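Here's target_35.pdb, which has PDB, C-alpha atoms, pLDDT in the B column:
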ATOM      1  CA  MET A   1     110.083  76.810  77.748  1.00 85.00           C
ATOM      2  CA  LYS A   2     108.145  73.560  77.648  1.00 89.00           C
ATOM      3  CA  ILE A   3     105.732  73.195  80.520  1.00 88.00           C
ATOM      4  CA  THR A   4     107.505  70.050  81.713  1.00 88.00           C
ATOM      5  CA  ASP A   5     110.787  72.021  81.949  1.00 87.00           C
ATOM      6  CA  PHE A   6     109.012  74.899  83.695  1.00 85.00           C
ATOM      7  CA  LYS A   7     107.786  72.474  86.353  1.00 78.00           C
ATOM      8  CA  LYS A   8     111.399  71.557  87.145  1.00 80.00           C
ATOM      9  CA  THR A   9     112.742  75.120  86.951  1.00 82.00           C
ATOM     10  CA  TYR A  10     110.204  77.038  89.033  1.00 77.00           C
ATOM     11  CA  LYS A  11     110.969  74.955  92.097  1.00 70.00           C
ATOM     12  CA  LYS A  12     114.301  76.817  92.321  1.00 73.00           C
ATOM     13  CA  CYS A  13     113.328  80.227  90.967  1.00 74.00           C
ATOM     14  CA  PHE A  14     109.702  81.169  91.596  1.00 77.00           C
ATOM     15  CA  PRO A  15     108.748  84.370  89.734  1.00 81.00           C
ATOM     16  CA  VAL A  16     105.760  85.432  91.912  1.00 86.00           C
ATOM     17  CA  GLY A  17     104.867  85.459  95.601  1.00 87.00           C
ATOM     18  CA  GLU A  18     105.194  82.173  97.478  1.00 90.00           C
ATOM     19  CA  GLY A  19     101.511  82.319  98.437  1.00 94.00           C
ATOM     20  CA  TRP A  20     100.634  81.698  94.800  1.00 94.00           C
ATOM     21  CA  ARG A  21     102.937  78.670  94.462  1.00 92.00           C
ATOM     22  CA  PRO A  22     100.051  76.183  95.052  1.00 94.00           C
ATOM     23  CA  LEU A  23      97.991  77.923  92.331  1.00 95.00           C
ATOM     24  CA  VAL A  24     100.828  77.711  89.830  1.00 94.00           C
ATOM     25  CA  THR A  25     101.737  74.144  90.839  1.00 92.00           C
ATOM     26  CA  LYS A  26      98.165  72.947  90.313  1.00 96.00           C
ATOM     27  CA  LEU A  27      97.872  74.885  87.055  1.00 96.00           C
ATOM     28  CA  VAL A  28     101.073  73.387  85.645  1.00 94.00           C
ATOM     29  CA  GLU A  29     100.064  69.858  86.677  1.00 95.00           C
ATOM     30  CA  ASP A  30      96.605  70.297  85.126  1.00 97.00           C
ATOM     31  CA  ILE A  31      98.047  71.665  81.868  1.00 96.00           C
ATOM     32  CA  ILE A  32     100.515  68.759  81.628  1.00 95.00           C
ATOM     33  CA  LYS A  33      97.570  66.327  81.912  1.00 96.00           C
ATOM     34  CA  ILE A  34      95.954  68.032  78.911  1.00 96.00           C
ATOM     35  CA  ASP A  35      98.930  68.871  76.694  1.00 95.00           C
ATOM     36  CA  LYS A  36     102.643  68.423  77.394  1.00 94.00           C
ATOM     37  CA  THR A  37     103.593  70.506  74.344  1.00 94.00           C
ATOM     38  CA  VAL A  38     102.348  73.790  75.870  1.00 95.00           C
ATOM     39  CA  GLU A  39     105.140  76.310  76.350  1.00 94.00           C
ATOM     40  CA  ILE A  40     105.152  78.920  79.104  1.00 91.00           C
ATOM     41  CA  SER A  41     106.646  82.205  77.984  1.00 90.00           C
ATOM     42  CA  GLN A  42     106.073  84.183  81.196  1.00 90.00           C
ATOM     43  CA  THR A  43     104.640  83.965  84.706  1.00 91.00           C
ATOM     44  CA  LYS A  44     104.366  87.202  86.665  1.00 91.00           C
ATOM     45  CA  GLU A  45     102.261  89.452  88.870  1.00 89.00           C
ATOM     46  CA  LYS A  46     100.257  91.974  86.860  1.00 90.00           C
ATOM     47  CA  HIS A  47      97.788  94.505  88.270  1.00 88.00           C
ATOM     48  CA  GLY A  48      97.685  92.616  91.569  1.00 89.00           C
ATOM     49  CA  GLY A  49      97.011  89.199  90.051  1.00 93.00           C
ATOM     50  CA  LEU A  50      98.792  86.219  88.575  1.00 95.00           C
ATOM     51  CA  SER A  51      99.513  86.426  84.853  1.00 95.00           C
ATOM     52  CA  VAL A  52     100.553  83.344  82.847  1.00 95.00           C
ATOM     53  CA  GLN A  53     101.518  83.665  79.188  1.00 94.00           C
ATOM     54  CA  ILE A  54     101.746  80.520  77.026  1.00 95.00           C
ATOM     55  CA  TRP A  55     102.231  79.255  73.477  1.00 91.00           C
ATOM     56  CA  ASN A  56     100.367  76.344  71.860  1.00 89.00           C
ATOM     57  CA  GLY A  57      97.418  76.210  74.247  1.00 92.00           C
ATOM     58  CA  ASN A  58      93.887  75.143  73.413  1.00 96.00           C
ATOM     59  CA  LYS A  59      90.649  76.485  74.912  1.00 97.00           C
ATOM     60  CA  GLU A  60      90.752  74.021  77.811  1.00 98.00           C
ATOM     61  CA  VAL A  61      94.268  75.177  78.762  1.00 98.00           C
ATOM     62  CA  TYR A  62      93.311  78.854  78.503  1.00 98.00           C
ATOM     63  CA  ASP A  63      90.268  78.187  80.689  1.00 98.00           C
ATOM     64  CA  LEU A  64      92.540  76.675  83.364  1.00 98.00           C
ATOM     65  CA  ILE A  65      94.833  79.701  83.196  1.00 98.00           C
ATOM     66  CA  TYR A  66      91.893  82.089  83.484  1.00 98.00           C
ATOM     67  CA  LYS A  67      90.602  80.217  86.537  1.00 98.00           C
ATOM     68  CA  ALA A  68      94.023  80.324  88.255  1.00 98.00           C
ATOM     69  CA  GLU A  69      94.455  84.013  87.449  1.00 97.00           C
ATOM     70  CA  GLN A  70      91.028  84.831  88.915  1.00 97.00           C
ATOM     71  CA  GLU A  71      91.757  82.738  92.007  1.00 96.00           C
ATOM     72  CA  SER A  72      94.948  84.729  92.598  1.00 96.00           C
ATOM     73  CA  PHE A  73      92.896  87.859  93.349  1.00 94.00           C
ATOM     74  CA  LYS A  74      91.380  85.981  96.314  1.00 95.00           C
ATOM     75  CA  THR A  75      94.676  84.516  97.549  1.00 96.00           C
ATOM     76  CA  CYS A  76      97.373  86.351  99.512  1.00 94.00           C
ATOM     77  CA  GLU A  77     100.417  86.326  97.277  1.00 92.00           C
ATOM     78  CA  HIS A  78     102.696  86.275 100.314  1.00 90.00           C
ATOM     79  CA  CYS A  79     101.244  83.557 102.595  1.00 94.00           C
ATOM     80  CA  GLY A  80      98.507  81.898 100.498  1.00 94.00           C
ATOM     81  CA  THR A  81      95.547  82.476 102.832  1.00 95.00           C
ATOM     82  CA  LYS A  82      92.130  83.326 101.441  1.00 93.00           C
ATOM     83  CA  LYS A  83      90.997  85.212 104.572  1.00 93.00           C
ATOM     84  CA  ASN A  84      90.681  89.018 104.483  1.00 90.00           C
ATOM     85  CA  VAL A  85      92.429  89.362 101.117  1.00 91.00           C
ATOM     86  CA  THR A  86      92.336  92.698  99.285  1.00 84.00           C
ATOM     87  CA  THR A  87      94.087  94.187  96.275  1.00 80.00           C
ATOM     88  CA  GLU A  88      95.149  97.765  96.864  1.00 71.00           C
ATOM     89  CA  GLY A  89      98.013 100.232  96.937  1.00 64.00           C
ATOM     90  CA  GLY A  90     100.030 102.276  94.458  1.00 62.00           C
ATOM     91  CA  TRP A  91     101.777  99.092  93.353  1.00 67.00           C
ATOM     92  CA  LEU A  92      98.927  96.612  93.451  1.00 77.00           C
ATOM     93  CA  LEU A  93      99.530  93.708  95.784  1.00 83.00           C
ATOM     94  CA  THR A  94      97.076  90.999  96.757  1.00 88.00           C
ATOM     95  CA  LEU A  95      97.611  90.529 100.475  1.00 91.00           C
ATOM     96  CA  CYS A  96      95.710  89.346 103.520  1.00 91.00           C
ATOM     97  CA  SER A  97      95.300  91.773 106.412  1.00 91.00           C
ATOM     98  CA  VAL A  98      98.145  90.156 108.402  1.00 93.00           C
ATOM     99  CA  CYS A  99     100.673  90.389 105.554  1.00 91.00           C
ATOM    100  CA  LYS A 100      99.481  93.899 104.632  1.00 89.00           C
ATOM    101  CA  ASN A 101     100.025  95.116 108.216  1.00 89.00           C
ATOM    102  CA  ALA A 102     103.454  93.464 108.386  1.00 89.00           C
ATOM    103  CA  ARG A 103     104.412  95.168 105.117  1.00 84.00           C
ATOM    104  CA  LYS A 104     103.239  98.557 106.416  1.00 81.00           C
ATOM    105  CA  GLN A 105     105.227  98.094 109.639  1.00 80.00           C
ATOM    106  CA  SER A 106     108.401  97.148 107.784  1.00 73.00           C
ATOM    107  CA  HIS A 107     108.036 100.166 105.471  1.00 60.00           C
ATOM    108  CA  SER A 108     107.408 102.460 108.453  1.00 61.00           C
ATOM    109  CA  ALA A 109     110.588 101.202 110.117  1.00 57.00           C
ATOM    110  CA  LEU A 110     112.599 102.235 107.034  1.00 51.00           C
ATOM    111  CA  LYS A 111     111.481 105.876 107.305  1.00 52.00           C
TER
END

Structure translated into structure tokens:
Amino acid sequence: MKITDFKKTYKKCFPVGEGWRPLVTKLVEDIIKIDKTVEISQTKEKHGGLSVQIWNGNKEVYDLIYKAEQESFKTCEHCGTKKNVTTEGGWLLTLCSVCKNARKQSHSALK
């Protein structure tokens, strides 16, 4: 999908945690400034971090993607804070201490 179409579509259906929305929004806007012909084939969480797959990108675009992906490891994927963020667990999640504790409590309540 063309990056300009992705920008319209992801507002309705966001494929990763809401805390990463600002990272993806900035990334998409920065890529559009460089090259509107870039196509995004996939955006997902992988190994606890943001993963963005594209077609037709140049080095500058790939550098932007790398920067956003690295930043995701320091950003809570649930709420977007950068305080007390860790990546851990059987299914790797990048969460702040508040979101991690809330997740543990909700899972404990299910048992």

Leaving out Gly57 in chain A and any residue of its chain fewer than 4 positions from it, which residues lie within 7 Å of it when counting only C-alpha atoms, given as JSON, numbers by chain?
-> {"A": [38, 61, 62]}

Could you check which of A:Phe6, A:Tyr66, A:Trp55, A:Phe73 is closest to Val28 in chain A, using only C-alpha atoms?
->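 Closest residue, counting only C-alpha atoms: A:Phe6.
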
Residues selected by the PyMOL selection byres ((chain A and resi 96) around 9), written as a list in words |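 Taken on the displayed file, the PyMOL selection byres ((chain A and resi 96) around 9) yields the residues Thr75, Cys76, Glu77, His78, Cys79, Gly80, Thr81, Lys82, Lys83, Asn84, Val85, Thr86, Thr87, Thr94, Leu95, Ser97, Val98, Cys99, Lys100 and Asn101 of chain A.
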
Matched chain/residue IDs from the PyMOL selection byres ((chain A and resi 53) around 10), as a list in words |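 With the shown file as input, the PyMOL selection byres ((chain A and resi 53) around 10) matches Glu39, Ile40, Ser41, Gln42, Thr43, Lys44, Ser51, Val52, Ile54, Trp55, Gly57, Tyr62 and Ile65 of chain A.
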
For the residues selected in the previous step, produce a file with C-alpha atoms as a PDB file, in the coordinates of the input.
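File produced: result-v1.pdb:
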ATOM      1  CA  GLU A  39     105.140  76.310  76.350  1.00 94.00           C
ATOM      2  CA  ILE A  40     105.152  78.920  79.104  1.00 91.00           C
ATOM      3  CA  SER A  41     106.646  82.205  77.984  1.00 90.00           C
ATOM      4  CA  GLN A  42     106.073  84.183  81.196  1.00 90.00           C
ATOM      5  CA  THR A  43     104.640  83.965  84.706  1.00 91.00           C
ATOM      6  CA  LYS A  44     104.366  87.202  86.665  1.00 91.00           C
ATOM      7  CA  SER A  51      99.513  86.426  84.853  1.00 95.00           C
ATOM      8  CA  VAL A  52     100.553  83.344  82.847  1.00 95.00           C
ATOM      9  CA  ILE A  54     101.746  80.520  77.026  1.00 95.00           C
ATOM     10  CA  TRP A  55     102.231  79.255  73.477  1.00 91.00           C
ATOM     11  CA  GLY A  57      97.418  76.210  74.247  1.00 92.00           C
ATOM     12  CA  TYR A  62      93.311  78.854  78.503  1.00 98.00           C
ATOM     13  CA  ILE A  65      94.833  79.701  83.196  1.00 98.00           C
TER      14      ILE A  65
END

Please measure the separation of CA of Val24 in chain A and CA of Glu45 in chain A, giving the value in Å to one decimal.
->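 That distance, rounded to one decimal, is 11.9 Å.
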